$ cat final.cif   # mmCIF, C-alpha atoms
data_target
loop_
_atom_site.label_atom_id
_atom_site.label_comp_id
_atom_site.auth_asym_id
_atom_site.auth_seq_id
_atom_site.Cartn_x
_atom_site.Cartn_y
_atom_site.Cartn_z
CA GLN A 1 0.00 0.00 0.00
CA GLN A 2 3.05 2.23 0.31
CA GLN A 3 3.97 1.89 -3.36
CA VAL A 4 3.98 4.63 -5.93
CA LYS A 5 3.82 3.31 -9.47
CA GLN A 6 5.42 5.43 -12.17
CA SER A 7 5.22 5.20 -15.95
CA PRO A 8 6.66 5.18 -18.50
CA GLN A 9 10.11 3.86 -17.61
CA SER A 10 11.61 5.85 -20.46
CA LEU A 11 10.36 8.61 -22.71
CA ILE A 12 11.75 10.18 -25.87
CA VAL A 13 10.32 13.52 -26.96
CA GLN A 14 11.22 15.96 -29.70
CA LYS A 15 12.35 19.45 -28.75
CA GLY A 16 9.33 21.65 -28.26
CA GLY A 17 7.04 18.73 -27.51
CA ILE A 18 5.12 17.88 -24.34
CA SER A 19 6.52 15.29 -21.95
CA ILE A 20 4.00 13.51 -19.73
CA ILE A 21 4.91 11.24 -16.83
CA ASN A 22 2.28 9.49 -14.76
CA CYS A 23 2.15 8.18 -11.21
CA ALA A 24 -0.44 6.25 -9.25
CA TYR A 25 -0.67 5.51 -5.55
CA GLU A 26 -2.76 3.36 -3.23
CA ASN A 27 -2.26 4.90 0.18
CA THR A 28 -5.07 7.42 0.72
CA ALA A 29 -3.13 8.94 3.61
CA PHE A 30 -0.61 10.41 1.16
CA ASP A 31 -1.04 14.17 1.19
CA TYR A 32 2.10 15.57 -0.37
CA PHE A 33 3.28 14.79 -3.89
CA PRO A 34 6.64 16.20 -5.05
CA TRP A 35 8.46 15.64 -8.31
CA TYR A 36 12.24 15.42 -8.41
CA GLN A 37 14.64 15.80 -11.33
CA GLN A 38 17.95 13.96 -11.26
CA PHE A 39 20.89 14.42 -13.61
CA PRO A 40 23.62 11.76 -13.83
CA GLY A 41 26.01 11.99 -10.91
CA LYS A 42 23.79 14.44 -9.01
CA GLY A 43 21.28 14.24 -6.23
CA PRO A 44 17.55 14.56 -6.88
CA ALA A 45 16.43 18.19 -7.11
CA LEU A 46 12.96 19.27 -6.09
CA LEU A 47 11.08 20.45 -9.16
CA ILE A 48 7.50 21.06 -8.11
CA ALA A 49 5.10 19.71 -5.51
CA ILE A 50 1.37 19.57 -4.94
CA ARG A 51 -1.02 18.86 -2.10
CA PRO A 52 -4.42 17.21 -2.74
CA ASP A 53 -6.46 20.33 -2.05
CA VAL A 54 -5.72 21.55 -5.60
CA SER A 55 -6.07 19.73 -8.91
CA GLU A 56 -3.29 21.51 -10.77
CA LYS A 57 -0.14 23.47 -10.07
CA LYS A 58 1.98 25.22 -12.64
CA GLU A 59 5.51 26.55 -12.35
CA GLY A 60 6.96 27.79 -15.61
CA ARG A 61 6.97 24.96 -18.13
CA PHE A 62 6.20 22.35 -15.45
CA THR A 63 2.65 21.43 -14.43
CA ILE A 64 1.38 18.83 -11.97
CA SER A 65 -2.12 17.50 -12.54
CA PHE A 66 -3.70 15.71 -9.60
CA ASN A 67 -6.75 13.43 -9.63
CA LYS A 68 -7.63 12.54 -6.06
CA SER A 69 -10.50 10.18 -6.89
CA ALA A 70 -8.33 8.17 -9.28
CA LYS A 71 -5.31 8.41 -6.96
CA GLN A 72 -3.17 9.55 -9.84
CA PHE A 73 -0.94 12.50 -10.54
CA SER A 74 1.16 13.48 -13.51
CA LEU A 75 3.94 15.81 -14.54
CA HIS A 76 3.64 17.72 -17.79
CA ILE A 77 6.70 19.42 -19.26
CA MET A 78 5.68 21.91 -21.91
CA ASP A 79 8.04 22.99 -24.71
CA SER A 80 10.50 20.27 -23.70
CA GLN A 81 14.17 21.18 -24.18
CA PRO A 82 17.31 19.03 -24.52
CA GLY A 83 18.40 20.41 -21.15
CA ASP A 84 15.35 18.72 -19.61
CA SER A 85 16.87 15.31 -20.40
CA ALA A 86 17.15 13.69 -16.99
CA THR A 87 15.50 11.11 -14.77
CA TYR A 88 12.28 12.24 -13.13
CA PHE A 89 10.90 10.75 -9.94
CA CYS A 90 7.48 11.20 -8.48
CA ALA A 91 7.12 10.77 -4.75
CA ALA A 92 4.51 10.83 -2.04
CA SER A 93 4.36 11.08 1.70
CA ASP A 94 1.78 11.09 4.45
CA GLY A 95 1.59 12.82 7.76
CA ARG A 96 0.36 16.14 8.90
CA ARG A 97 2.64 19.15 8.69
CA GLY A 98 5.07 18.92 11.56
CA SER A 99 5.02 15.16 11.55
CA ALA A 100 7.85 13.02 10.29
CA ARG A 101 7.73 12.64 6.53
CA GLN A 102 9.37 9.88 4.60
CA LEU A 103 9.17 10.07 0.83
CA THR A 104 8.04 7.02 -1.10
CA PHE A 105 9.47 7.29 -4.59
CA GLY A 106 8.31 5.99 -7.93
CA SER A 107 10.74 3.96 -10.01
CA GLY A 108 11.77 6.90 -12.20
CA THR A 109 11.36 7.94 -15.82
CA GLN A 110 14.36 8.57 -18.01
CA LEU A 111 13.44 11.46 -20.30
CA THR A 112 15.38 12.17 -23.47
CA VAL A 113 14.57 15.30 -25.43
CA LEU A 114 15.92 15.18 -28.96
CA PRO A 115 17.27 18.40 -30.50
CA ASP B 1 23.55 23.46 -5.42
CA SER B 2 21.04 22.48 -2.73
CA GLY B 3 23.24 23.58 0.17
CA VAL B 4 23.40 20.03 1.55
CA THR B 5 26.92 18.64 1.61
CA GLN B 6 27.98 15.01 1.78
CA THR B 7 31.38 13.42 2.21
CA PRO B 8 33.04 11.46 0.86
CA LYS B 9 31.87 11.60 -2.75
CA HIS B 10 33.12 8.10 -3.47
CA LEU B 11 33.99 5.24 -1.16
CA ILE B 12 35.44 1.87 -2.14
CA THR B 13 35.78 -0.79 0.50
CA ALA B 14 35.72 -4.54 1.01
CA THR B 15 33.05 -6.89 2.30
CA GLY B 16 32.89 -7.09 6.07
CA GLN B 17 34.21 -3.58 6.57
CA ARG B 18 32.58 -0.59 8.25
CA VAL B 19 32.21 2.90 6.79
CA THR B 20 30.82 6.24 7.90
CA LEU B 21 29.07 8.66 5.59
CA ARG B 22 28.73 12.27 6.63
CA CYS B 23 26.06 14.86 5.86
CA SER B 24 25.77 18.56 6.65
CA PRO B 25 22.26 19.95 6.20
CA ARG B 26 21.39 23.32 4.72
CA SER B 27 21.87 26.21 7.08
CA GLY B 28 18.83 26.44 9.34
CA ASP B 29 17.47 22.99 8.54
CA LEU B 30 16.77 20.83 11.58
CA SER B 31 15.69 17.63 9.88
CA VAL B 32 17.96 15.16 8.10
CA TYR B 33 16.90 12.17 6.02
CA TRP B 34 18.95 9.33 4.59
CA TYR B 35 18.01 7.52 1.37
CA GLN B 36 19.60 4.67 -0.54
CA GLN B 37 19.48 4.53 -4.34
CA SER B 38 20.24 1.27 -6.12
CA LEU B 39 19.37 -0.10 -9.54
CA ASP B 40 17.16 -2.87 -8.20
CA GLN B 41 15.49 -1.09 -5.26
CA GLY B 42 15.31 2.45 -6.56
CA LEU B 43 15.25 5.33 -4.07
CA GLN B 44 14.40 4.07 -0.60
CA PHE B 45 14.00 5.96 2.65
CA LEU B 46 16.27 4.75 5.44
CA ILE B 47 15.92 7.01 8.46
CA GLN B 48 15.05 10.55 9.59
CA TYR B 49 16.39 12.69 12.41
CA TYR B 50 14.99 15.94 13.70
CA ASN B 51 17.04 18.16 15.97
CA GLY B 52 19.09 15.23 17.19
CA GLU B 53 16.28 12.74 17.68
CA GLU B 54 15.27 9.83 15.50
CA ARG B 55 11.81 10.51 14.03
CA ALA B 56 11.13 7.86 11.41
CA LYS B 57 12.65 4.62 10.28
CA GLY B 58 12.25 2.98 6.91
CA ASN B 59 13.90 0.01 5.28
CA ILE B 60 17.13 0.33 7.21
CA LEU B 61 19.10 -2.80 7.93
CA GLU B 62 20.17 -3.59 11.48
CA ARG B 63 23.79 -3.37 10.28
CA PHE B 64 23.16 0.31 9.52
CA SER B 65 22.83 3.05 12.09
CA ALA B 66 22.73 6.81 12.07
CA GLN B 67 22.88 9.77 14.39
CA GLN B 68 22.49 13.52 14.30
CA PHE B 69 24.90 15.59 16.33
CA PRO B 70 24.29 18.85 18.27
CA ASP B 71 25.66 20.87 15.34
CA LEU B 72 22.97 19.12 13.24
CA HIS B 73 25.31 17.22 10.96
CA SER B 74 24.49 13.56 10.58
CA GLU B 75 26.43 10.38 10.06
CA LEU B 76 25.28 7.09 8.57
CA ASN B 77 27.28 4.09 9.73
CA LEU B 78 27.27 0.95 7.62
CA SER B 79 28.88 -2.16 9.09
CA SER B 80 29.57 -5.77 8.05
CA LEU B 81 29.28 -4.56 4.49
CA GLU B 82 28.01 -6.87 1.78
CA LEU B 83 28.22 -6.63 -1.99
CA GLY B 84 24.55 -5.70 -2.09
CA ASP B 85 25.18 -2.58 -0.04
CA SER B 86 26.85 -0.98 -3.05
CA ALA B 87 24.65 1.99 -3.87
CA LEU B 88 24.31 5.73 -3.84
CA TYR B 89 23.49 7.10 -0.42
CA PHE B 90 21.76 10.46 -0.29
CA CYS B 91 21.17 12.79 2.56
CA ALA B 92 18.35 15.33 2.43
CA SER B 93 17.39 18.09 4.80
CA SER B 94 14.34 20.19 5.54
CA VAL B 95 13.53 23.11 7.79
CA ASP B 96 11.16 21.15 9.97
CA GLN B 97 9.87 17.59 10.13
CA GLY B 98 7.39 17.97 7.31
CA GLY B 99 9.05 20.49 5.03
CA GLU B 100 10.35 20.23 1.50
CA GLN B 101 13.37 17.97 1.31
CA PHE B 102 16.54 19.09 -0.43
CA PHE B 103 19.02 16.44 -1.44
CA GLY B 104 22.78 16.42 -1.28
CA PRO B 105 25.05 15.17 -4.08
CA GLY B 106 25.31 11.70 -2.57
CA THR B 107 28.05 9.25 -1.65
CA ARG B 108 28.70 6.41 -4.04
CA LEU B 109 29.63 3.31 -2.05
CA THR B 110 31.25 0.39 -3.80
CA VAL B 111 31.76 -2.82 -1.84
CA LEU B 112 34.22 -5.23 -3.44
#

$ encode --input "final.cif" --output "structure tokens"
Amino acid sequence: QQQVKQSPQSLIVQKGGISIINCAYENTAFDYFPWYQQFPGKGPALLIAIRPDVSEKKEGRFTISFNKSAKQFSLHIMDSQPGDSATYFCAASDGRRGSARQLTFGSGTQLTVLP
Amino acid sequence: DSGVTQTPKHLITATGQRVTLRCSPRSGDLSVYWYQQSLDQGLQFLIQYYNGEERAKGNILERFSAQQFPDLHSELNLSSLELGDSALYFCASSVDQGGEQFFGPGTRLTVL
């Protein structure tokens, strides 16, 4: 019940296209959903995060869509650029603010944006 | 640069040995988390400390232990190392127990 399932495992997109990565979860206690971007040899970097009280959050070219009833959330990268080529991880955690939070990560999506 | 520092960057050791990985959180962050990243298990939460006290425990082996010191830096101790312990070990920090987590660059451990 703690799993977060992420798809696809890999994604190839042309420059300027839209990249879409999906995640699904089972644990209804999850209430915080961040996305991380990881380049080779680097640590994961927080990209954008959402809480279930909103259905969408946009920051620049990155948008999270959240469907609470379906227990799914997705990352959309608009106008994808070669510099976006990286591995993307969705994650989830439960607990009220102030409580200990451990992130449960998806398996990752390797995104390649072709020039 | 997240502001979280980890040392060493690389560590090569033999089976049965013991190693210590070190993490310094971002300035002002009280909470430290340890994660393990391997090809077969992905990114997995190990343990969390907040202001010196253990707050949450994940899939951490009994051979592994951690602590957070009064200056808020943390150490992860791995003992009786096995080949399967070879992985990237990340430290993350957050302002409080439930805040956004910022990851360090990691320590790559290779057990031969």

$ atom_distance --input "final.cif" --atom1 "atom CA of Lys9 of chain B" --atom2 "atom CA of Ile48 of chain A"
26.7 Å

$ resolve_selection --input "final.cif" --expression "the PyMOL selection byres ((chain A and resi 113) around 9)" --output "number ranges by chain"
A: 11-17, 19, 80-86, 111-112, 114-115

$ write_last_selection --input "final.cif" --atoms "C-alpha atoms" --output "short mmCIF file (atom, residue, chain, number, x, y, z; two decimals), keeping the file's coordinate frame"
data_model
loop_
_atom_site.label_atom_id
_atom_site.label_comp_id
_atom_site.auth_asym_id
_atom_site.auth_seq_id
_atom_site.Cartn_x
_atom_site.Cartn_y
_atom_site.Cartn_z
CA LEU A 11 10.36 8.61 -22.71
CA ILE A 12 11.75 10.18 -25.87
CA VAL A 13 10.32 13.52 -26.96
CA GLN A 14 11.22 15.96 -29.70
CA LYS A 15 12.35 19.45 -28.75
CA GLY A 16 9.33 21.65 -28.26
CA GLY A 17 7.04 18.73 -27.51
CA SER A 19 6.52 15.29 -21.95
CA SER A 80 10.50 20.27 -23.70
CA GLN A 81 14.17 21.18 -24.18
CA PRO A 82 17.31 19.03 -24.52
CA GLY A 83 18.40 20.41 -21.15
CA ASP A 84 15.35 18.72 -19.61
CA SER A 85 16.87 15.31 -20.40
CA ALA A 86 17.15 13.69 -16.99
CA LEU A 111 13.44 11.46 -20.30
CA THR A 112 15.38 12.17 -23.47
CA LEU A 114 15.92 15.18 -28.96
CA PRO A 115 17.27 18.40 -30.50
#

$ resolve_selection --input "final.cif" --expression "the PyMOL selection byres ((chain A and resi 55-70) around 12)" --output "JSON, numbers by chain"
{"A": [16, 17, 18, 19, 20, 21, 22, 23, 24, 25, 26, 27, 28, 29, 30, 31, 32, 33, 34, 35, 36, 37, 46, 47, 48, 49, 50, 51, 52, 53, 54, 71, 72, 73, 74, 75, 76, 77, 78, 79, 80, 81, 84, 90]}

$ closest_atom_pairs --input "final.cif" --of "chain B" --to "chain A" --cutoff "10 Å" --atoms "only C-alpha atoms" --output "tab-separated table"
residue	atom	partner	partner_atom	distance
B:Asp1	CA	A:Ala45	CA	9.0
B:Ser2	CA	A:Ala45	CA	7.7
B:Val4	CA	A:Gly43	CA	9.9
B:Ser31	CA	A:Ala100	CA	9.1
B:Tyr33	CA	A:Gln102	CA	8.0
B:Trp34	CA	A:Gln102	CA	9.6
B:Tyr35	CA	A:Leu103	CA	9.2
B:Leu39	CA	A:Ser107	CA	9.5
B:Asp40	CA	A:Ser107	CA	9.5
B:Gln41	CA	A:Ser107	CA	8.4
B:Gly42	CA	A:Ser107	CA	5.9
B:Leu43	CA	A:Phe105	CA	6.1
B:Gln44	CA	A:Thr104	CA	7.0
B:Phe45	CA	A:Gln102	CA	6.4
B:Leu46	CA	A:Gln102	CA	8.6
B:Ile47	CA	A:Gln102	CA	8.1
B:Gln48	CA	A:Gln102	CA	7.6
B:Tyr49	CA	A:Ala100	CA	8.8
B:Tyr50	CA	A:Ala100	CA	8.4
B:Glu54	CA	A:Ala100	CA	9.6
B:Arg55	CA	A:Ala100	CA	6.0
B:Ala56	CA	A:Ala100	CA	6.2
B:Lys57	CA	A:Gln102	CA	8.4
B:Gly58	CA	A:Gln102	CA	7.8
B:Leu88	CA	A:Gly43	CA	9.3
B:Tyr89	CA	A:Gly43	CA	9.5
B:Phe90	CA	A:Gly43	CA	7.1
B:Cys91	CA	A:Gly43	CA	8.9
B:Ala92	CA	A:Gly43	CA	9.2
B:Asp96	CA	A:Gly98	CA	6.7
B:Gln97	CA	A:Ala100	CA	5.0
B:Gly98	CA	A:Gly98	CA	4.9
B:Gly99	CA	A:Arg97	CA	7.5
B:Glu100	CA	A:Leu46	CA	8.1
B:Gln101	CA	A:Leu46	CA	7.5
B:Phe102	CA	A:Leu46	CA	6.7
B:Phe103	CA	A:Gly43	CA	5.7
B:Gly104	CA	A:Gly43	CA	5.6
B:Pro105	CA	A:Gly43	CA	4.4
B:Gly106	CA	A:Gly43	CA	6.0
B:Thr107	CA	A:Gly43	CA	9.6
B:Arg108	CA	A:Gly41	CA	9.3

$ residues_around --input "final.cif" --residues "Gly3 of chain B" --least-positions-apart "6" --cutoff "8 Å" --atoms "all atoms listed in the file" --output "ChimeraX atom specification"
/B:25-27,104

$ atom_distance --input "final.cif" --atom1 "atom CA of Ser65 of chain B" --atom2 "atom CA of Ser38 of chain B"
18.5 Å

$ atom_distance --input "final.cif" --atom1 "atom CA of Gln67 of chain B" --atom2 "atom CA of Leu112 of chain B"
25.9 Å

$ closest_residue --input "final.cif" --among "B:Ala14, B:Leu30, B:Leu21, B:Ala87" --to "Pro70 of chain B" --atoms "all atoms listed in the file"
B:Leu30

$ build_atoms --input "final.cif" --residues "segment 66-83 of chain B" --atoms "N, CA and C atoms" --output "tab-separated table (two decimals), keeping the file's coordinate frame"
chain	number	residue	atom	x	y	z
B	66	ALA	N	22.49	5.41	12.36
B	66	ALA	CA	22.73	6.81	12.07
B	66	ALA	C	22.60	7.63	13.34
B	67	GLN	N	23.09	8.84	13.29
B	67	GLN	CA	22.88	9.77	14.39
B	67	GLN	C	22.99	11.19	13.87
B	68	GLN	N	22.39	12.10	14.61
B	68	GLN	CA	22.49	13.52	14.30
B	68	GLN	C	23.09	14.21	15.52
B	69	PHE	N	24.12	14.99	15.27
B	69	PHE	CA	24.90	15.59	16.33
B	69	PHE	C	24.34	16.97	16.70
B	70	PRO	N	24.78	17.53	17.84
B	70	PRO	CA	24.29	18.85	18.27
B	70	PRO	C	24.47	19.95	17.23
B	71	ASP	N	25.51	19.85	16.39
B	71	ASP	CA	25.66	20.87	15.34
B	71	ASP	C	24.80	20.55	14.12
B	72	LEU	N	23.98	19.55	14.22
B	72	LEU	CA	22.97	19.12	13.24
B	72	LEU	C	23.52	18.29	12.07
B	73	HIS	N	24.84	18.11	12.00
B	73	HIS	CA	25.31	17.22	10.96
B	73	HIS	C	24.95	15.79	11.33
B	74	SER	N	24.91	14.93	10.34
B	74	SER	CA	24.49	13.56	10.58
B	74	SER	C	25.51	12.60	9.98
B	75	GLU	N	25.57	11.44	10.57
B	75	GLU	CA	26.43	10.38	10.06
B	75	GLU	C	25.62	9.09	9.91
B	76	LEU	N	25.89	8.39	8.82
B	76	LEU	CA	25.28	7.09	8.57
B	76	LEU	C	26.40	6.07	8.64
B	77	ASN	N	26.27	5.13	9.54
B	77	ASN	CA	27.28	4.09	9.73
B	77	ASN	C	26.79	2.78	9.14
B	78	LEU	N	27.61	2.21	8.28
B	78	LEU	CA	27.27	0.95	7.62
B	78	LEU	C	28.33	-0.07	8.03
B	79	SER	N	27.91	-1.19	8.62
B	79	SER	CA	28.88	-2.16	9.09
B	79	SER	C	28.63	-3.52	8.45
B	80	SER	N	29.64	-4.41	8.62
B	80	SER	CA	29.57	-5.77	8.05
B	80	SER	C	29.09	-5.70	6.60
B	81	LEU	N	29.75	-4.86	5.84
B	81	LEU	CA	29.28	-4.56	4.49
B	81	LEU	C	29.23	-5.79	3.59
B	82	GLU	N	28.21	-5.80	2.76
B	82	GLU	CA	28.01	-6.87	1.78
B	82	GLU	C	28.01	-6.25	0.38
B	83	LEU	N	28.21	-7.12	-0.61
B	83	LEU	CA	28.22	-6.63	-1.99
B	83	LEU	C	26.95	-5.85	-2.32
